[in-house]
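Structure data (mmCIF, C-alpha atoms) from run_37.cif:
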data_start
loop_
_atom_site.label_atom_id
_atom_site.label_comp_id
_atom_site.auth_asym_id
_atom_site.auth_seq_id
_atom_site.Cartn_x
_atom_site.Cartn_y
_atom_site.Cartn_z
CA MET N 1 32.81 91.08 -62.39
CA ILE N 2 35.41 90.81 -59.63
CA ARG N 3 35.29 94.59 -59.19
CA GLY N 4 31.49 94.41 -58.86
CA LEU N 5 31.85 91.72 -56.20
CA GLY N 6 34.41 93.88 -54.38
CA ILE N 7 32.06 96.90 -54.41
CA LEU N 8 29.24 94.68 -53.14
CA ILE N 9 31.39 93.27 -50.31
CA ILE N 10 32.62 96.71 -49.21
CA ILE N 11 29.09 98.16 -49.26
CA ALA N 12 27.73 95.14 -47.35
CA CYS N 13 30.48 95.49 -44.71
CA LEU N 14 29.76 99.21 -44.32
CA ILE N 15 26.00 98.61 -43.99
CA VAL N 16 26.56 95.87 -41.40
CA ALA N 17 29.13 97.92 -39.45
CA LEU N 18 27.28 101.25 -39.49
CA THR N 19 23.60 100.29 -39.24
CA PRO N 20 21.67 98.03 -36.84
CA VAL N 21 20.88 95.50 -39.62
CA SER N 22 22.79 92.69 -37.87
CA ASN N 23 21.03 93.55 -34.58
CA PHE N 24 17.63 93.07 -36.27
CA ALA N 25 18.79 89.83 -37.88
CA GLY N 26 20.21 88.64 -34.54
CA LYS N 27 16.91 89.35 -32.77
CA LYS N 28 15.07 87.29 -35.40
CA PHE N 29 17.57 84.45 -35.17
CA ALA N 30 17.99 84.30 -31.38
CA ILE N 31 15.59 82.36 -29.19
CA LEU N 32 14.03 84.23 -26.28
CA PRO N 33 14.65 82.88 -22.80
CA ASP N 34 11.84 80.95 -21.12
CA LYS N 35 13.16 80.30 -17.63
CA LYS N 36 11.00 77.81 -15.72
CA PRO N 37 11.65 75.36 -12.88
CA ALA N 38 13.32 72.25 -14.31
CA ASP N 39 15.04 69.02 -13.28
CA ALA N 40 18.51 70.24 -14.27
CA ILE N 41 20.44 73.19 -15.66
CA VAL N 42 22.63 72.22 -18.62
CA VAL N 43 25.51 74.58 -19.42
CA LEU N 44 27.01 73.86 -22.85
CA GLY N 45 30.74 74.02 -23.50
CA ALA N 46 32.44 76.95 -25.22
CA GLY N 47 36.12 76.14 -24.97
CA LEU N 48 39.24 76.54 -22.90
CA MET N 49 42.29 78.72 -23.43
CA ASN N 50 45.70 77.36 -22.54
CA ALA N 51 46.54 76.32 -18.96
CA GLY N 52 42.91 75.76 -18.04
CA SER N 53 41.61 79.32 -18.36
CA LEU N 54 37.98 79.47 -19.45
CA GLN N 55 37.16 81.34 -22.65
CA ASP N 56 35.03 84.50 -22.15
CA GLU N 57 32.00 82.76 -23.67
CA SER N 58 32.48 79.73 -21.42
CA LEU N 59 32.67 81.98 -18.36
CA ARG N 60 29.55 83.89 -19.40
CA ARG N 61 27.59 80.65 -19.80
CA VAL N 62 28.69 79.07 -16.52
CA ILE N 63 27.89 82.26 -14.57
CA ALA N 64 24.41 82.30 -16.16
CA GLY N 65 24.01 78.65 -15.08
CA ILE N 66 25.18 79.37 -11.53
CA ASP N 67 22.71 82.27 -11.39
CA LEU N 68 19.83 79.97 -12.40
CA TYR N 69 20.85 77.47 -9.72
CA LYS N 70 20.98 80.25 -7.11
CA GLN N 71 17.46 81.30 -8.16
CA GLY N 72 16.38 77.79 -7.20
CA LEU N 73 15.18 76.87 -10.70
CA ALA N 74 16.77 73.38 -10.61
CA PRO N 75 18.54 71.21 -8.03
CA LEU N 76 21.27 69.99 -10.42
CA ILE N 77 23.71 71.69 -12.76
CA VAL N 78 25.40 69.84 -15.65
CA LEU N 79 28.68 71.41 -16.75
CA SER N 80 29.93 70.38 -20.16
CA GLY N 81 33.27 70.77 -21.90
CA GLY N 82 36.29 68.64 -22.72
CA ALA N 83 40.03 69.23 -22.86
CA ARG N 84 42.17 70.95 -25.47
CA ARG N 85 44.22 68.58 -27.61
CA ASP N 86 47.42 70.29 -26.44
CA ASP N 87 46.48 70.31 -22.75
CA MET N 88 44.86 67.10 -21.55
CA GLN N 89 45.35 67.99 -17.87
CA HIS N 90 42.44 70.41 -17.72
CA THR N 91 38.88 69.99 -18.92
CA GLU N 92 36.43 72.83 -19.34
CA ALA N 93 33.85 71.01 -17.18
CA GLN N 94 36.40 70.57 -14.38
CA GLN N 95 37.45 74.23 -14.45
CA ARG N 96 33.79 75.30 -14.44
CA SER N 97 33.06 72.94 -11.57
CA ILE N 98 35.84 74.54 -9.49
CA LEU N 99 34.36 77.97 -10.22
CA ALA N 100 30.82 76.83 -9.39
CA GLN N 101 31.93 75.37 -6.06
CA THR N 102 33.84 78.56 -5.25
CA MET N 103 30.59 80.41 -5.84
CA GLY N 104 28.74 78.22 -3.36
CA ILE N 105 27.29 75.34 -5.39
CA PRO N 106 27.68 72.02 -3.53
CA ALA N 107 29.78 69.38 -5.32
CA GLU N 108 26.91 66.88 -5.17
CA ALA N 109 24.71 69.25 -7.21
CA ILE N 110 27.23 69.25 -10.09
CA LEU N 111 27.46 66.73 -12.94
CA LYS N 112 30.29 66.92 -15.46
CA GLU N 113 30.34 65.86 -19.12
CA GLU N 114 33.94 65.96 -20.31
CA THR N 115 33.96 63.88 -23.51
CA SER N 116 31.82 65.73 -26.08
CA ASN N 117 33.30 67.62 -29.00
CA THR N 118 30.15 68.95 -30.65
CA THR N 119 26.70 70.23 -29.68
CA ARG N 120 25.15 67.03 -31.00
CA GLU N 121 27.49 64.87 -28.90
CA GLU N 122 26.62 66.99 -25.88
CA ALA N 123 22.91 66.43 -26.56
CA VAL N 124 23.29 62.66 -26.93
CA ARG N 125 25.56 62.14 -23.90
CA ILE N 126 23.91 64.58 -21.50
CA SER N 127 20.41 63.32 -22.34
CA ARG N 128 21.60 59.77 -21.62
CA LEU N 129 23.13 60.94 -18.32
CA LEU N 130 19.92 62.70 -17.26
CA MET N 131 17.38 60.14 -18.47
CA HIS N 132 19.32 57.48 -16.57
CA ARG N 133 18.43 59.48 -13.43
CA GLY N 134 14.82 59.94 -14.54
CA LEU N 135 15.29 63.64 -15.35
CA ARG N 136 13.63 65.13 -18.45
CA LYS N 137 13.14 68.88 -18.10
CA ILE N 138 16.19 71.06 -18.56
CA LEU N 139 17.11 74.71 -18.58
CA LEU N 140 19.54 74.91 -21.48
CA VAL N 141 22.22 77.59 -21.08
CA THR N 142 24.15 78.75 -24.12
CA GLU N 143 24.76 81.76 -26.37
CA SER N 144 21.51 83.24 -27.76
CA LEU N 145 22.52 82.54 -31.39
CA HIS N 146 23.58 78.95 -30.64
CA LEU N 147 20.36 78.18 -28.79
CA ARG N 148 18.21 77.48 -31.87
CA ARG N 149 20.44 74.58 -32.96
CA ALA N 150 21.19 73.38 -29.42
CA LYS N 151 17.49 73.35 -28.45
CA ALA N 152 16.62 71.34 -31.55
CA VAL N 153 19.19 68.59 -30.91
CA PHE N 154 18.41 68.33 -27.19
CA GLU N 155 14.68 68.03 -27.94
CA SER N 156 15.48 65.46 -30.58
CA ALA N 157 17.43 63.55 -27.91
CA GLY N 158 14.22 63.32 -25.87
CA LEU N 159 14.49 66.18 -23.37
CA GLU N 160 12.03 69.01 -22.70
CA VAL N 161 14.02 72.20 -23.13
CA PHE N 162 13.50 75.63 -21.54
CA PRO N 163 15.88 78.09 -23.21
CA ALA N 164 18.10 80.21 -20.95
CA THR N 165 20.41 82.51 -22.86
CA SER N 166 23.70 83.65 -21.40
CA ASP N 167 23.81 86.92 -23.37
CA ASP N 168 21.83 89.34 -25.47
CA TYR N 169 24.29 90.08 -28.28
CA SER N 170 21.55 91.37 -30.60
CA VAL N 171 21.04 94.30 -28.25
CA SER N 172 24.56 94.75 -26.88
CA ALA N 173 26.48 94.75 -30.19
CA ILE N 174 26.65 98.43 -31.13
CA SER N 175 30.27 99.07 -32.14
CA ALA N 176 31.29 98.39 -35.76
CA LYS N 177 33.52 95.51 -34.64
CA ASP N 178 30.73 93.89 -32.59
CA ARG N 179 28.16 94.26 -35.38
CA LEU N 180 30.51 92.64 -37.91
CA TRP N 181 31.18 89.85 -35.42
CA LEU N 182 27.42 89.43 -34.82
CA ALA N 183 26.81 89.17 -38.59
CA SER N 184 29.55 86.56 -38.94
CA ARG N 185 28.04 84.54 -36.04
CA ILE N 186 24.59 84.63 -37.65
CA ILE N 187 26.05 83.36 -40.95
CA GLU N 188 28.06 80.69 -39.10
CA GLU N 189 25.07 79.49 -37.04
CA SER N 190 22.78 79.48 -40.11
CA ALA N 191 25.32 77.26 -41.89
CA ALA N 192 25.62 74.98 -38.85
CA LEU N 193 21.83 74.76 -38.57
CA ALA N 194 21.57 73.79 -42.26
CA TYR N 195 24.33 71.20 -41.79
CA TYR N 196 22.57 69.66 -38.75
CA ARG N 197 19.29 69.51 -40.69
CA LEU N 198 20.92 67.89 -43.72
CA ALA N 199 22.72 65.39 -41.49
CA GLY N 200 19.35 64.47 -39.94
CA TYR N 201 20.36 65.39 -36.38
CA PHE N 202 16.89 66.81 -35.71
CA MET I 203 28.58 108.21 -32.96
CA ASP I 204 32.04 106.56 -32.64
CA ASN I 205 31.65 105.12 -36.14
CA ILE I 206 30.76 108.53 -37.63
CA PHE I 207 33.77 110.07 -35.87
CA VAL I 208 36.07 107.47 -37.47
CA LEU I 209 34.47 108.01 -40.90
CA VAL I 210 34.94 111.78 -40.63
CA ILE I 211 38.65 111.36 -39.70
CA VAL I 212 39.27 109.10 -42.70
CA ALA I 213 37.26 111.35 -45.05
CA VAL I 214 39.24 114.44 -43.97
CA THR I 215 42.71 112.84 -44.29
CA SER I 216 41.69 111.34 -47.68
CA ALA I 217 40.44 114.71 -48.94
CA ILE I 218 43.62 116.48 -47.77
CA THR I 219 45.80 113.86 -49.50
CA TYR I 220 43.68 113.92 -52.68
CA PHE I 221 43.74 117.70 -53.03
CA GLY I 222 47.41 117.76 -52.05
CA THR I 223 48.14 115.35 -54.89
CA GLN I 224 49.25 116.96 -58.16
CA ARG I 225 46.35 117.32 -60.59
CA LYS I 226 47.98 115.06 -63.21
CA ASN I 227 48.21 112.22 -60.65
CA ARG I 228 44.57 112.40 -59.53
CA ALA I 229 43.47 110.05 -62.29
CA LYS I 230 45.76 107.44 -60.74
CA VAL I 231 43.83 107.74 -57.46
CA ARG I 232 40.60 106.82 -59.26
CA GLU I 233 42.45 103.95 -60.91
CA ALA I 234 43.73 102.83 -57.49
CA ILE I 235 40.18 102.89 -56.10
CA ARG I 236 39.08 100.60 -58.94
CA ALA I 237 42.05 98.30 -58.19
CA PHE I 238 41.08 98.33 -54.50
CA PHE I 239 37.57 97.08 -55.33
CA GLU I 240 39.03 94.38 -57.57
CA TYR I 241 41.34 93.38 -54.73
CA ALA I 242 38.37 93.23 -52.32
CA GLY I 243 36.51 90.99 -54.77
CA THR I 244 39.53 88.71 -55.21
CA PHE I 245 39.98 88.54 -51.44
CA SER I 246 36.35 87.53 -50.87
CA LEU I 247 36.62 84.79 -53.52
CA PHE I 248 39.80 83.36 -51.96
CA PHE I 249 38.35 83.56 -48.46
CA ALA I 250 35.14 81.77 -49.52
CA ALA I 251 37.16 79.12 -51.40
CA ASN I 252 39.40 78.54 -48.37
CA VAL I 253 36.41 78.20 -46.03
CA VAL I 254 34.59 75.74 -48.33
CA PHE I 255 37.76 73.72 -48.97
CA GLY I 256 38.56 73.69 -45.23
CA PHE I 257 35.01 72.54 -44.44
CA PHE I 258 35.33 69.52 -46.75
CA ILE I 259 38.82 68.66 -45.46
CA ILE I 260 37.53 68.70 -41.87
CA LEU I 261 34.58 66.48 -42.82
CA LEU I 262 36.99 64.04 -44.52
CA ILE I 263 39.27 63.97 -41.47
CA ARG I 264 36.29 63.37 -39.18
CA THR I 265 34.91 60.64 -41.43
CA PHE I 266 38.05 58.68 -42.20
CA THR I 267 40.24 59.17 -39.11
CA PRO I 268 39.63 59.06 -35.36
CA VAL I 269 40.91 62.65 -35.10
CA PHE I 270 38.37 65.34 -34.24
CA VAL I 271 38.87 68.76 -35.80
CA ALA I 272 36.34 71.42 -34.83
CA LEU I 273 34.74 73.44 -37.62
CA TYR I 274 35.60 76.43 -35.45
CA ALA I 275 39.18 75.92 -36.73
CA LEU I 276 37.97 77.89 -39.75
CA GLU I 277 37.36 80.91 -37.50
CA ASN I 278 41.13 81.33 -37.18
CA VAL I 279 42.12 84.91 -37.99
CA LEU I 280 45.14 83.53 -39.86
CA LEU I 281 42.76 82.32 -42.59
CA LEU I 282 41.63 85.93 -43.15
CA ILE I 283 45.19 87.25 -43.22
CA LEU I 284 46.47 84.52 -45.56
CA SER I 285 43.43 84.90 -47.85
CA ALA I 286 44.27 88.61 -48.06
CA ALA I 287 47.89 87.75 -48.91
CA GLN I 288 46.75 85.26 -51.57
CA ALA I 289 44.44 87.85 -53.08
CA PHE I 290 47.21 90.47 -53.14
CA VAL I 291 49.74 88.16 -54.82
CA PHE I 292 47.38 86.69 -57.44
CA HIS I 293 45.62 89.97 -58.15
CA ARG I 294 49.00 91.62 -58.83
CA SER I 295 50.20 88.72 -60.98
CA TRP I 296 46.99 88.72 -63.09
CA LYS I 297 47.34 92.45 -63.70
CA ARG I 298 50.92 92.24 -65.04
#
structure tokens encoding of this file:
Amino acid sequence: MIRGLGILIIIACLIVALTPVSNFAGKKFAILPDKKPADAIVVLGAGLMNAGSLQDESLRRVIAGIDLYKQGLAPLIVLSGGARRDDMQHTEAQQRSILAQTMGIPAEAILKEETSNTTREEAVRISRLLMHRGLRKILLVTESLHLRRAKAVFESAGLEVFPATSDDYSVSAISAKDRLWLASRIIEESAALAYYRLAGYF
Amino acid sequence: MDNIFVLVIVAVTSAITYFGTQRKNRAKVREAIRAFFEYAGTFSLFFAANVVFGFFIILLIRTFTPVFVALYALENVLLLILSAAQAFVFHRSWKR
């Protein structure tokens, strides 16, 4: 039985690595962008490396958010992301804010959310922050595979969400390594989506 | 194309080694392939068990302490490496 499982796993890995099966699955899972004028652009957190360096994914998202601002789609940009437990001096939102200002976004057009640990916490706290200012329509910037779950919790928190993906992994993942990574992300996000549903978050 | 190139390289070096192996030892290669699949199965079981166990531990920590541990902690590559080591050790010990 264990040998059968091993054969199955090896064959599955080869199929995922050598064929576009994960690209098709990714396309089905991802939410297509629907960029419209909104009250604010919300860029979700993706993590910091040590000494305040933004993770690749964090950088990709914030640049997509800055691009939307420069296109004039919203007058405000909300940058999310807390600190690492081993480095409380830097927060992701702060580091992103520095980058955004370097790229020409005025400080008064930036809001920071530095306390959330999860997507749900981001949805609850950012929606409170925005509704307090009478803002309801947002362009939500995150990874294409994360968007399904993020959109659901932000809508559940009372905001009208226009999806704005920061990548197109389903198309760009063509090497064996990238396809295996894409498959693992789809599995991970499916599990997270199921967990959020079971927990009643949306 | 890159993937096919890699597959061809591995197929050629495997074929050279197989046909360079003495005929009487070739049966052991087939036996080793079977052991490899068993090892892969054992590895996937340990990895799945570690992920599920880790998931429940993180939920317990989040529920009963003020400490926040991200579920992304389970993405750590060390978990893959240690699951592989576990599988190797236990697979060998079950076989002896």
Please define a box with edges along x, y and z of the file around all atoms of region 262-276 of chain I given in the file, extend it by 3 Å on each side, and return its centre and edge lengths in Å to one decimal, as JSON.
{"center_x": 37.8, "center_y": 68.3, "center_z": -39.4, "size_x": 12.2, "size_y": 25.2, "size_z": 16.3}
**OP:** Please evaluate the PyMOL selection byres ((chain I) within 7 of (chain N)) against the structure above and give the resulting residues as a list in words.
**Re:**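 With the shown file as input, the PyMOL selection byres ((chain I) within 7 of (chain N)) matches Asn205, Phe239, Glu240, Tyr241, Ala242, Gly243 and Thr244 of chain I.
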Subject >> Distance query Ile31 (chain N) at most 8 Å, only C-alpha atoms, self and fewer than 4 positions along chain excluded, as a count of residues only >> reply: 7
Original post:
the PyMOL selection byres ((chain N and resi 128-131) around 12) on the file shown: which residues, as number ranges by chain?
Top reply: N: 38-42, 76-80, 111-113, 121-127, 132-138, 154, 157-160
**OP:** Would you mind listing what lies within 8 Å of Thr142 (chain N) as a ChimeraX atom specification, with all atoms listed in the file counted and same-chain residues fewer than 4 positions away left out?
**Re:** /N:43-44,61,146-147,164-166
**OP:** Starting from the shown file, work through the PyMOL selection byres ((chain N and resi 87) around 10) and note down what comes out as a ChimeraX atom specification.
**Re:** /N:48-52,83-86,88-91
**OP:** Rank nothing, just name the residue among I:Ala229, I:Ala251, I:Ala213, I:Val208 nearest to Leu282 (chain I), using all atoms listed in the file.
**Re:**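 The answer is I:Ala251, which sits nearest to Leu282 (chain I).
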Original post:
What is the distance between CA of Gly200 (chain N) and CA of Leu182 (chain N), in Å to one decimal?
Top reply: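 Computing the Euclidean distance for CA of Gly200 (chain N) and CA of Leu182 (chain N) yields 26.7 Å.
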Original post:
Can you tell me how far CA of Thr119 (chain N) sits from CA of Ala150 (chain N), in Å to one decimal?
Top reply: 6.4 Å
Subject >> One-decimal distance in Å that lies between CA of Thr267 (chain I) and CA of Ser53 (chain N) >> reply: 29.0 Å
Subject >> Selected residue of minimal separation from Tyr195 (chain N) among I:Val279, I:Met203, I:Ala250, I:Leu273, counting only C-alpha atoms >> reply: I:Leu273
Original post:
Pick the closest to Ser246 (chain I) from N:Leu99, N:Cys13, N:Val21, N:Ile187: which is it, counting only C-alpha atoms?
Top reply: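 Distance minimum relative to Ser246 (chain I) lands on N:Cys13.
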